[in-house]
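One file, work_38.txt, carrying compact mmCIF, C-alpha atoms:
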```txt
# COMPACT_ATOMS: atom_id res chain seq x y z
CA MET A 1160 0.00 0.00 0.00
CA THR A 1161 1.26 3.45 -0.94
CA TRP A 1162 0.38 6.00 1.71
CA ILE A 1163 -0.35 9.66 1.01
CA THR A 1164 0.28 11.96 3.96
CA THR A 1165 -2.11 14.90 4.22
CA ALA A 1166 -1.18 17.95 6.25
CA LEU A 1167 -3.43 18.29 9.28
CA THR A 1168 -5.11 21.71 9.14
CA ALA A 1169 -8.04 23.37 10.87
CA ASP A 1170 -10.25 23.05 7.76
CA LEU A 1171 -10.30 19.27 8.27
CA LEU A 1172 -11.87 19.68 11.72
CA ARG A 1173 -15.47 20.25 12.79
CA GLY A 1174 -16.68 21.01 16.29
CA ALA A 1175 -13.47 22.70 17.51
CA LEU A 1176 -13.44 26.41 18.30
CA ASP A 1177 -9.65 26.70 18.33
CA VAL A 1178 -6.71 24.65 17.09
CA GLU A 1179 -3.32 24.87 18.77
CA ARG A 1180 -0.27 24.16 16.63
CA THR A 1181 2.02 21.99 18.75
CA GLU A 1182 5.60 20.86 18.13
CA HIS A 1183 4.34 17.69 16.44
CA GLY A 1184 0.80 18.37 15.24
CA LEU A 1185 -2.56 19.90 16.15
CA LEU A 1186 -4.39 20.03 19.46
CA PRO A 1187 -8.12 20.81 19.13
CA HIS A 1188 -9.69 23.05 21.78
CA ARG A 1189 -13.35 23.73 22.55
CA LEU A 1190 -12.67 27.14 24.08
CA PRO A 1191 -10.69 29.86 22.29
CA ALA A 1192 -7.26 30.83 23.57
CA TRP A 1193 -8.42 34.18 24.97
CA ALA A 1194 -11.06 32.39 27.08
CA ARG A 1195 -8.60 29.78 28.34
CA ALA A 1196 -6.27 32.59 29.42
CA GLN A 1197 -8.86 34.15 31.71
CA TYR A 1198 -8.77 31.37 34.29
CA ALA A 1199 -6.02 28.75 34.45
CA ASP A 1200 -8.11 26.05 36.12
CA PRO A 1201 -6.74 22.49 35.64
CA GLN A 1202 -10.25 20.99 35.55
CA LEU A 1203 -11.38 23.43 32.87
CA ALA A 1204 -8.16 22.94 30.88
CA MET A 1205 -8.66 19.18 30.92
CA ALA A 1206 -12.35 19.39 29.99
CA GLU A 1207 -12.13 21.86 27.13
CA SER A 1208 -9.19 20.02 25.53
CA GLN A 1209 -11.12 16.74 25.53
CA PRO A 1210 -12.62 16.84 22.01
CA SER A 1211 -16.25 15.95 22.69
CA GLY A 1212 -18.09 16.42 19.40
CA VAL A 1213 -14.88 17.19 17.49
CA ARG A 1214 -14.32 15.20 14.32
CA LEU A 1215 -12.03 15.05 11.33
CA ALA A 1216 -14.09 15.36 8.14
CA PHE A 1217 -12.74 14.94 4.63
CA ARG A 1218 -13.67 13.83 1.13
CA THR A 1219 -11.74 10.93 -0.40
CA ARG A 1220 -11.82 7.72 -2.44
CA ALA A 1221 -9.44 6.07 0.03
CA THR A 1222 -10.07 2.52 1.18
CA ALA A 1223 -7.65 2.79 4.12
CA VAL A 1224 -7.06 5.55 6.65
CA GLU A 1225 -4.30 5.77 9.25
CA LEU A 1226 -4.20 8.40 11.98
CA ASP A 1227 -1.34 9.02 14.42
CA THR A 1228 -2.33 10.64 17.71
CA ARG A 1229 -0.96 11.28 21.17
CA PRO A 1230 -3.81 10.80 23.65
CA THR A 1231 -3.75 11.78 27.31
CA LYS A 1232 -5.05 8.97 29.50
CA ARG A 1233 -6.49 9.71 32.93
CA VAL A 1234 -5.53 7.48 35.84
CA TYR A 1235 -7.29 7.87 39.20
CA VAL A 1236 -5.33 6.56 42.17
CA GLY A 1237 -7.27 3.78 43.87
CA ALA A 1238 -9.91 3.54 41.15
CA PRO A 1239 -10.24 0.84 38.47
CA PRO A 1240 -8.36 1.57 35.21
CA ARG A 1241 -10.32 3.63 32.70
CA PRO A 1242 -10.88 2.15 29.24
CA ASP A 1243 -9.02 3.68 26.31
CA GLY A 1244 -10.86 6.45 24.50
CA VAL A 1245 -12.91 5.44 21.47
CA TYR A 1246 -12.57 6.80 17.92
CA GLU A 1247 -15.58 6.26 15.67
CA LEU A 1248 -15.54 6.20 11.86
CA LEU A 1249 -18.50 7.38 9.80
CA VAL A 1250 -18.73 7.02 6.01
CA ASP A 1251 -21.36 9.28 4.46
CA GLY A 1252 -22.91 9.59 7.91
CA ARG A 1253 -23.13 5.85 8.61
CA PRO A 1254 -21.08 3.96 11.26
CA ALA A 1255 -18.19 2.11 9.61
CA GLY A 1256 -15.74 1.28 12.39
CA ARG A 1257 -14.32 2.11 15.79
CA GLY A 1258 -11.00 1.76 17.52
CA SER A 1259 -8.67 3.04 20.22
CA VAL A 1260 -5.09 4.26 20.50
CA THR A 1261 -2.86 2.82 23.21
CA GLY A 1262 0.12 4.60 24.69
CA GLY A 1263 0.16 8.35 24.95
CA ASP A 1264 0.62 10.65 27.91
CA THR A 1265 -0.87 9.91 31.32
CA LEU A 1266 -2.43 12.24 33.86
CA THR A 1267 -2.44 10.56 37.27
CA ILE A 1268 -4.98 12.15 39.61
CA ASP A 1269 -5.00 11.51 43.35
CA MET A 1270 -8.37 12.73 44.61
CA THR A 1271 -7.53 12.15 48.25
CA ALA A 1272 -4.40 14.33 48.05
CA GLY A 1273 -5.77 16.75 45.47
CA THR A 1274 -2.74 16.30 43.20
CA ALA A 1275 -2.15 15.49 39.55
CA GLU A 1276 0.99 14.32 37.76
CA HIS A 1277 1.50 14.46 33.98
CA ARG A 1278 3.87 12.03 32.28
CA SER A 1279 4.76 11.96 28.59
CA GLY A 1280 4.36 8.79 26.56
CA PRO A 1281 4.66 7.51 23.01
CA PRO A 1282 2.09 8.25 20.27
CA GLY A 1283 -0.12 5.56 18.79
CA THR A 1284 -1.75 4.74 15.47
CA LEU A 1285 -5.36 4.11 14.50
CA LEU A 1286 -6.06 2.14 11.30
CA PHE A 1287 -9.29 1.71 9.38
CA THR A 1288 -9.40 -0.49 6.26
CA GLY A 1289 -12.01 -1.86 3.90
CA LEU A 1290 -13.66 1.47 3.09
CA PRO A 1291 -15.65 1.59 -0.15
CA GLN A 1292 -13.62 2.66 -3.19
CA THR A 1293 -15.97 5.52 -4.04
CA ASP A 1294 -15.96 9.26 -3.52
CA LYS A 1295 -17.30 9.73 0.01
CA THR A 1296 -17.26 11.86 3.14
CA VAL A 1297 -15.25 10.29 5.94
CA GLU A 1298 -15.55 11.45 9.54
CA ILE A 1299 -13.39 10.32 12.44
CA TRP A 1300 -15.00 11.35 15.73
CA LEU A 1301 -12.31 11.83 18.36
CA PRO A 1302 -12.66 10.42 21.89
CA HIS A 1303 -15.03 12.63 23.85
CA ASN A 1304 -13.16 12.07 27.12
CA GLU A 1305 -9.50 11.91 26.09
CA THR A 1306 -7.35 14.91 25.16
CA THR A 1307 -6.08 14.08 21.67
CA GLU A 1308 -3.13 15.62 19.85
CA LEU A 1309 -3.37 14.90 16.12
CA LEU A 1310 0.01 14.04 14.59
CA ALA A 1311 -0.40 12.61 11.08
CA LEU A 1312 -3.11 11.54 8.62
CA ARG A 1313 -2.34 8.96 5.93
CA THR A 1314 -4.61 7.50 3.25
CA ASP A 1315 -4.24 5.44 0.08
CA ALA A 1316 -5.95 8.14 -2.04
CA PRO A 1317 -5.92 11.94 -1.99
CA VAL A 1318 -7.90 13.84 0.67
CA GLY A 1319 -9.74 17.15 0.56
CA PRO A 1320 -11.94 19.03 3.05
CA ALA A 1321 -15.50 17.77 3.26
CA PRO A 1322 -18.11 20.14 1.81
CA ASP A 1323 -20.41 22.08 4.10
CA PRO A 1324 -23.32 19.71 4.78
CA GLY A 1325 -25.76 22.63 4.78
CA ARG A 1326 -27.40 21.62 8.06
CA PRO A 1327 -28.33 24.06 10.84
CA VAL A 1328 -25.61 24.43 13.48
CA TRP A 1329 -26.63 23.57 17.03
CA LEU A 1330 -24.40 25.08 19.75
CA HIS A 1331 -24.86 23.43 23.15
CA HIS A 1332 -23.30 24.16 26.55
CA GLY A 1333 -23.58 22.04 29.67
CA SER A 1334 -21.77 19.98 32.31
CA SER A 1335 -20.02 16.60 32.21
CA ILE A 1336 -23.37 15.03 31.35
CA SER A 1337 -23.41 17.06 28.13
CA HIS A 1338 -19.67 16.49 27.73
CA GLY A 1339 -20.37 12.76 27.55
CA SER A 1340 -19.54 11.38 31.04
CA ASP A 1341 -19.90 7.59 30.68
CA ALA A 1342 -21.24 7.36 27.13
CA ALA A 1343 -20.08 4.40 25.04
CA GLY A 1344 -18.36 6.58 22.44
CA PRO A 1345 -18.19 10.03 20.89
CA THR A 1346 -21.20 9.57 18.58
CA THR A 1347 -23.35 8.25 21.42
CA THR A 1348 -23.07 11.08 23.93
CA TRP A 1349 -26.58 12.42 24.33
CA PRO A 1350 -25.88 15.66 22.39
CA ALA A 1351 -24.32 13.72 19.49
CA LEU A 1352 -27.30 11.36 19.38
CA ALA A 1353 -29.76 14.25 19.54
CA ALA A 1354 -27.90 16.09 16.77
CA HIS A 1355 -28.03 13.03 14.52
CA LEU A 1356 -31.74 12.55 15.13
CA GLY A 1357 -32.40 16.27 14.68
CA GLY A 1358 -30.40 16.54 11.45
CA VAL A 1359 -28.11 19.31 12.73
CA GLU A 1360 -24.37 19.97 13.02
CA LEU A 1361 -23.21 19.83 16.64
CA ILE A 1362 -20.77 22.12 18.42
CA ASN A 1363 -20.57 20.68 21.92
CA LEU A 1364 -19.45 23.01 24.71
CA GLY A 1365 -20.30 20.51 27.40
CA LEU A 1366 -17.44 21.05 29.86
CA GLY A 1367 -17.06 18.48 32.60
CA GLY A 1368 -17.18 20.18 36.00
CA SER A 1369 -17.10 23.61 34.35
CA ALA A 1370 -20.64 24.68 33.49
CA LEU A 1371 -20.34 27.49 36.02
CA LEU A 1372 -21.88 30.53 34.29
CA ASP A 1373 -18.39 31.82 33.50
CA PRO A 1374 -18.54 35.12 31.57
CA PHE A 1375 -15.86 33.91 29.12
CA THR A 1376 -18.07 30.93 28.27
CA ALA A 1377 -21.01 33.25 27.63
CA ARG A 1378 -18.84 35.40 25.37
CA THR A 1379 -17.69 32.28 23.51
CA LEU A 1380 -21.31 31.31 22.90
CA ARG A 1381 -22.03 34.88 21.83
CA ASP A 1382 -19.25 34.89 19.25
CA THR A 1383 -19.76 31.38 17.80
CA PRO A 1384 -21.88 31.16 14.64
CA ALA A 1385 -24.99 29.08 15.33
CA ASP A 1386 -28.57 28.60 14.22
CA LEU A 1387 -29.77 26.99 17.46
CA ILE A 1388 -28.41 27.40 20.99
CA SER A 1389 -29.08 25.54 24.23
CA VAL A 1390 -27.60 25.96 27.68
CA LYS A 1391 -28.00 23.34 30.39
CA ILE A 1392 -27.50 24.99 33.77
CA GLY A 1393 -27.38 23.71 37.31
CA ILE A 1394 -25.59 20.57 38.43
CA ASN A 1395 -22.03 21.98 38.49
CA LEU A 1396 -23.16 25.03 40.44
CA VAL A 1397 -24.56 22.74 43.12
CA ASN A 1398 -21.83 20.12 43.30
CA ALA A 1399 -19.15 22.84 43.35
CA ASP A 1400 -21.15 24.83 45.93
CA LEU A 1401 -20.12 27.84 43.88
CA MET A 1402 -22.71 30.50 44.66
CA ARG A 1403 -25.87 31.36 46.54
CA LEU A 1404 -29.28 32.23 45.12
CA ARG A 1405 -28.49 35.95 45.44
CA ALA A 1406 -25.61 35.54 42.96
CA PHE A 1407 -27.24 32.84 40.82
CA THR A 1408 -30.21 34.83 39.53
CA PRO A 1409 -28.27 37.85 38.21
CA ALA A 1410 -25.55 35.53 36.88
CA VAL A 1411 -28.12 33.66 34.75
CA HIS A 1412 -29.53 36.95 33.47
CA GLY A 1413 -26.02 38.16 32.63
CA PHE A 1414 -25.16 34.89 30.88
CA LEU A 1415 -28.28 35.09 28.71
CA ASP A 1416 -27.78 38.82 28.08
CA THR A 1417 -24.29 38.13 26.74
CA ILE A 1418 -25.49 35.36 24.42
CA ARG A 1419 -28.21 37.66 23.12
CA GLU A 1420 -25.64 40.33 22.24
CA GLY A 1421 -24.45 38.07 19.42
CA HIS A 1422 -27.62 36.10 18.76
CA PRO A 1423 -30.55 38.46 19.43
CA SER A 1424 -33.22 36.28 17.83
CA THR A 1425 -31.68 32.80 17.55
CA PRO A 1426 -33.81 30.09 19.21
CA LEU A 1427 -32.30 29.77 22.69
CA LEU A 1428 -33.30 26.89 24.96
CA VAL A 1429 -32.56 26.93 28.70
CA VAL A 1430 -32.49 23.39 30.10
CA SER A 1431 -32.64 22.76 33.84
CA PRO A 1432 -30.90 19.77 35.50
CA ILE A 1433 -31.90 16.17 35.00
CA LEU A 1434 -32.88 14.28 38.13
CA CYS A 1435 -29.99 13.67 40.53
CA PRO A 1436 -31.37 12.38 43.85
CA ILE A 1437 -28.37 13.26 46.02
CA HIS A 1438 -28.76 16.95 45.17
CA GLU A 1439 -32.50 17.37 44.63
CA ASP A 1440 -32.98 18.86 48.09
CA THR A 1441 -29.45 18.70 49.51
CA PRO A 1442 -26.94 21.44 48.66
CA GLY A 1443 -23.36 20.77 47.64
CA PRO A 1444 -20.58 20.37 47.56
CA SER A 1445 -20.45 16.81 46.34
CA ALA A 1446 -17.38 14.71 47.02
CA PRO A 1447 -16.11 11.26 46.16
CA ASP A 1448 -17.15 8.51 48.53
CA PHE A 1449 -13.75 6.93 48.94
CA SER A 1450 -15.22 3.96 50.80
CA SER A 1451 -16.77 2.86 47.49
CA LEU A 1452 -13.32 2.40 45.93
CA SER A 1453 -12.87 -0.82 47.89
CA THR A 1454 -15.65 -2.34 45.80
CA GLY A 1455 -14.08 -1.19 42.54
CA GLN A 1456 -16.52 1.66 42.07
CA LEU A 1457 -16.35 5.42 42.48
CA ARG A 1458 -19.49 7.05 43.81
CA PHE A 1459 -20.28 10.59 44.88
CA GLN A 1460 -22.14 11.93 47.89
CA ALA A 1461 -23.70 15.26 48.82
CA MET A 1462 -21.90 17.04 51.64
CA GLY A 1463 -24.35 19.87 52.30
CA ASP A 1464 -27.27 20.14 54.74
CA PRO A 1465 -30.85 20.58 53.47
CA ALA A 1466 -31.37 23.20 56.19
CA GLU A 1467 -28.83 25.42 54.40
CA ARG A 1468 -31.36 26.19 51.67
CA ALA A 1469 -32.78 28.81 54.03
CA SER A 1470 -29.51 30.75 53.76
CA GLY A 1471 -29.57 30.67 49.96
CA LYS A 1472 -27.56 27.55 49.21
CA LEU A 1473 -28.52 25.99 45.89
CA THR A 1474 -30.16 22.64 45.27
CA LEU A 1475 -31.41 21.27 41.97
CA GLY A 1476 -34.98 21.96 43.07
CA VAL A 1477 -34.16 25.59 43.81
CA ILE A 1478 -32.36 25.98 40.48
CA ARG A 1479 -35.21 24.46 38.45
CA ASP A 1480 -37.76 26.79 40.03
CA GLU A 1481 -35.58 29.84 39.46
CA LEU A 1482 -34.70 28.98 35.85
CA ALA A 1483 -38.39 28.50 35.03
CA ARG A 1484 -39.18 31.86 36.61
CA ILE A 1485 -36.34 33.64 34.80
CA VAL A 1486 -37.33 32.26 31.39
CA THR A 1487 -40.98 33.13 31.96
CA GLN A 1488 -40.00 36.69 32.89
CA ARG A 1489 -37.61 37.17 29.95
CA SER A 1490 -39.73 35.44 27.31
CA ALA A 1491 -42.33 38.19 27.58
CA ASP A 1492 -39.85 40.31 25.59
CA ASP A 1493 -37.93 37.44 23.96
CA PRO A 1494 -40.27 35.10 22.08
CA ASN A 1495 -37.35 32.94 20.92
CA LEU A 1496 -36.32 32.06 24.48
CA HIS A 1497 -37.58 28.68 25.70
CA HIS A 1498 -37.36 26.44 28.77
CA LEU A 1499 -37.14 22.67 29.20
CA ASP A 1500 -37.36 20.97 32.58
CA GLY A 1501 -34.46 18.49 32.68
CA ARG A 1502 -36.64 15.90 34.43
CA GLU A 1503 -38.46 15.47 31.11
CA LEU A 1504 -35.18 14.09 29.80
CA TYR A 1505 -34.46 11.95 32.87
CA GLY A 1506 -36.84 11.84 35.80
CA GLU A 1507 -37.94 9.64 38.68
CA ARG A 1508 -39.29 6.80 36.54
CA ASP A 1509 -36.10 6.77 34.51
CA HIS A 1510 -34.00 6.70 37.67
CA ALA A 1511 -35.93 3.71 38.97
CA GLU A 1512 -35.08 1.83 35.78
CA LEU A 1513 -31.65 3.31 35.00
CA PRO A 1514 -30.08 4.68 38.20
CA LEU A 1515 -27.00 6.87 37.95
CA PRO A 1516 -24.14 4.41 38.61
CA ASP A 1517 -21.98 6.88 40.55
CA ASN A 1518 -24.90 9.04 41.78
CA LEU A 1519 -24.00 11.85 39.34
CA HIS A 1520 -23.41 10.64 35.79
CA PRO A 1521 -25.64 8.70 33.38
CA ASP A 1522 -24.41 5.49 31.78
CA ALA A 1523 -24.46 4.64 28.08
CA ALA A 1524 -28.10 3.48 28.04
CA THR A 1525 -29.20 6.65 29.81
CA HIS A 1526 -27.28 8.84 27.35
CA ARG A 1527 -29.27 7.20 24.57
CA ARG A 1528 -32.55 7.83 26.36
CA ILE A 1529 -31.71 11.48 27.07
CA GLY A 1530 -30.59 12.03 23.47
CA GLU A 1531 -33.77 10.53 22.06
CA ARG A 1532 -35.93 12.53 24.46
CA PHE A 1533 -34.13 15.78 23.64
CA ALA A 1534 -34.51 15.17 19.92
CA GLU A 1535 -38.25 14.70 20.37
CA LEU A 1536 -38.81 17.55 22.83
CA ALA A 1537 -36.55 20.12 21.12
CA PHE A 1538 -36.16 19.20 17.45
CA THR A 1539 -39.39 17.37 16.61
CA LYS A 1540 -42.00 19.37 18.47
CA GLY A 1541 -40.24 21.90 20.69
CA ALA A 1542 -38.15 25.05 20.66
CA PHE A 1543 -36.06 24.05 17.63
CA ALA A 1544 -38.73 22.31 15.55
CA ASP A 1545 -39.21 24.99 12.90
CA SER A 1546 -35.61 26.19 12.70
CA ALA A 1547 -34.12 22.66 12.59
CA ARG A 1548 -35.96 21.98 9.33
CA THR A 1549 -34.35 24.98 7.64
CA ALA A 1550 -30.72 24.97 6.54
CA GLY A 1551 -29.08 27.86 8.38
CA THR A 1552 -26.46 30.42 7.66
CA ALA A 1553 -24.96 30.03 11.15
CA THR A 1554 -23.93 33.62 11.63
CA PRO A 1555 -24.03 35.65 14.84
CA GLY A 1556 -27.02 37.95 14.99
CA THR A 1557 -29.42 35.57 13.25
```
Take the structure from the file and write it as structure tokens.
Amino acid sequence: MTWITTALTADLLRGALDVERTEHGLLPHRLPAWARAQYADPQLAMAESQPSGVRLAFRTRATAVELDTRPTKRVYVGAPPRPDGVYELLVDGRPAGRGSVTGGDTLTIDMTAGTAEHRSGPPGTLLFTGLPQTDKTVEIWLPHNETTELLALRTDAPVGPAPDPGRPVWLHHGSSISHGSDAAGPTTTWPALAAHLGGVELINLGLGGSALLDPFTARTLRDTPADLISVKIGINLVNADLMRLRAFTPAVHGFLDTIREGHPSTPLLVVSPILCPIHEDTPGPSAPDFSSLSTGQLRFQAMGDPAERASGKLTLGVIRDELARIVTQRSADDPNLHHLDGRELYGERDHAELPLPDNLHPDAATHRRIGERFAELAFTKGAFADSARTAGTATPGT
């Protein structure tokens, strides 16, 4: 086989808002450099560099594709080893293969000591063969939960950028649940599933542990071209115990005001938290239950006191009520602003059937259910129903 090496450039990527040129290749980012510079938080840096929703997309007649990457594997001291991140191959939008890359760097996190150690490792290679010998669009969805430096792309036929698919662009922001948490792969996180069912192009700003109403995130949403926007607000504010109700309400207004500066009439959907029993009526913070590690599982527990709600501490119940009130108030002057109660995506009946394995994050089956529900409630008959049927221009101010 004669390989053709194609230079890795930003025009081969979808779903990334910034691309960093490294010594050896490209590192996709989901927040722009100016936003990353405003708060050097290790959790945020890890989350935004994990390429949830980011994919290589190109047009080719190649029957074989080889991709060199340097992943960053997370290792949690005392916890079971995490599986390697999954790459998924789509050919003309249909699943055509999946694989993983071994090796790479490691980030060893000790939650009891609050430390993290980064060690460099060798790159690895992903190989897909047996592709049809026709002109086609090939997508390689990068692991949603594994920072991935792209080093080299090789094929057995020339490669060019994939054409614009002409679908509306859906820009979504949320927590680790939107990021992908324990989904089976990058195309089966609930936003990726919902985007596929809704016929839209996804830009996923789900940031594990970092959906905290940060002004730089609001400005990123403001400045990113999109036809449809949704923001899922709540769980990180509770489990980080970040603010009280007095700060929360104006922060939500400010977040929405900033988005509206760039997208004054774009359909904007505010989604409240899905059911999470440990924080429904109990404030944060949440913390790992280290006693569960002895059974090979990591579970989380709420550390707050329900009585603290009287002093303004946030629970998911408090946040849902306030988000509904805020959207009702604002929608009187903003007819394109909508609200969705997260318990319609995952509620008490769902929890009885599909409990959250670690008390915080949905598993693969629950991601599928949430994605299917969101597609029905937002794209089929909800806030995005009309706009999702129309190919968009995806420009700020639409």
Problem - Using all atoms listed in the file: which of A:Asp1464, A:Thr1376, A:Asn1398, A:His1438 has the shortest distance to Ile1418 (chain A) - result: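 So, comparing all the options, the nearest one is A:Thr1376.
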Practice task
Using all atoms listed in the file, find the one residue out of A:Leu1396, A:Leu1496, A:Leu1356, A:Leu1404 that sits nearest to Arg1527 (chain A).
Solution key: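 Nearest candidate to Arg1527 (chain A) out of A:Leu1396, A:Leu1496, A:Leu1356, A:Leu1404: A:Leu1356.
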Using only C-alpha atoms, find each residue of region 1338-1434 of chain A with at least one atom at most 9 Å away from an atom of region 1173-1184 of chain A; report its shortest atom-to-atom pair and that distance in Å (one decimal), sort the rows by chain and rising residue number, and return the result as a tab-separated table.
```
residue	atom	partner	partner_atom	distance
A:Glu1360	CA	A:Gly1174	CA	8.4
A:Leu1361	CA	A:Gly1174	CA	6.6
A:Ile1362	CA	A:Gly1174	CA	4.7
A:Asn1363	CA	A:Gly1174	CA	6.9
A:Thr1379	CA	A:Leu1176	CA	8.9
A:Thr1383	CA	A:Leu1176	CA	8.1
```
Exercise for the section: Point out the residue among A:Ser1451, A:Ser1431, A:Thr1347, A:Thr1219 with the least atom-to-atom distance to Pro1322 (chain A), counting only C-alpha atoms. Expected result: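 So, comparing all the options, the nearest one is A:Thr1219.
If only C-alpha atoms are the atoms counted, then among A:Tyr1246, A:Tyr1235, A:Phe1287, A:Phe1375 the closest residue to Thr1265 (chain A) is A:Tyr1235.
With distances restricted to all atoms listed in the file, A:Leu1290 is the closest residue to Pro1254 (chain A) from A:Leu1290, A:Leu1364, A:Ala1206, A:Ala1377.
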Handout entry: Nearest-residue call for His1331 (chain A), choices A:Leu1171, A:Leu1248, A:Leu1309, A:Val1429, using all atoms listed in the file
Key =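 Of the candidates, the smallest distance to His1331 (chain A) is held by A:Val1429.
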Problem - For CA of Asn1495 (chain A) and CA of Gly1393 (chain A), the interatomic separation in Å (one decimal) - result: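 So the two atoms, CA of Asn1495 (chain A) and CA of Gly1393 (chain A), lie 21.3 Å apart.
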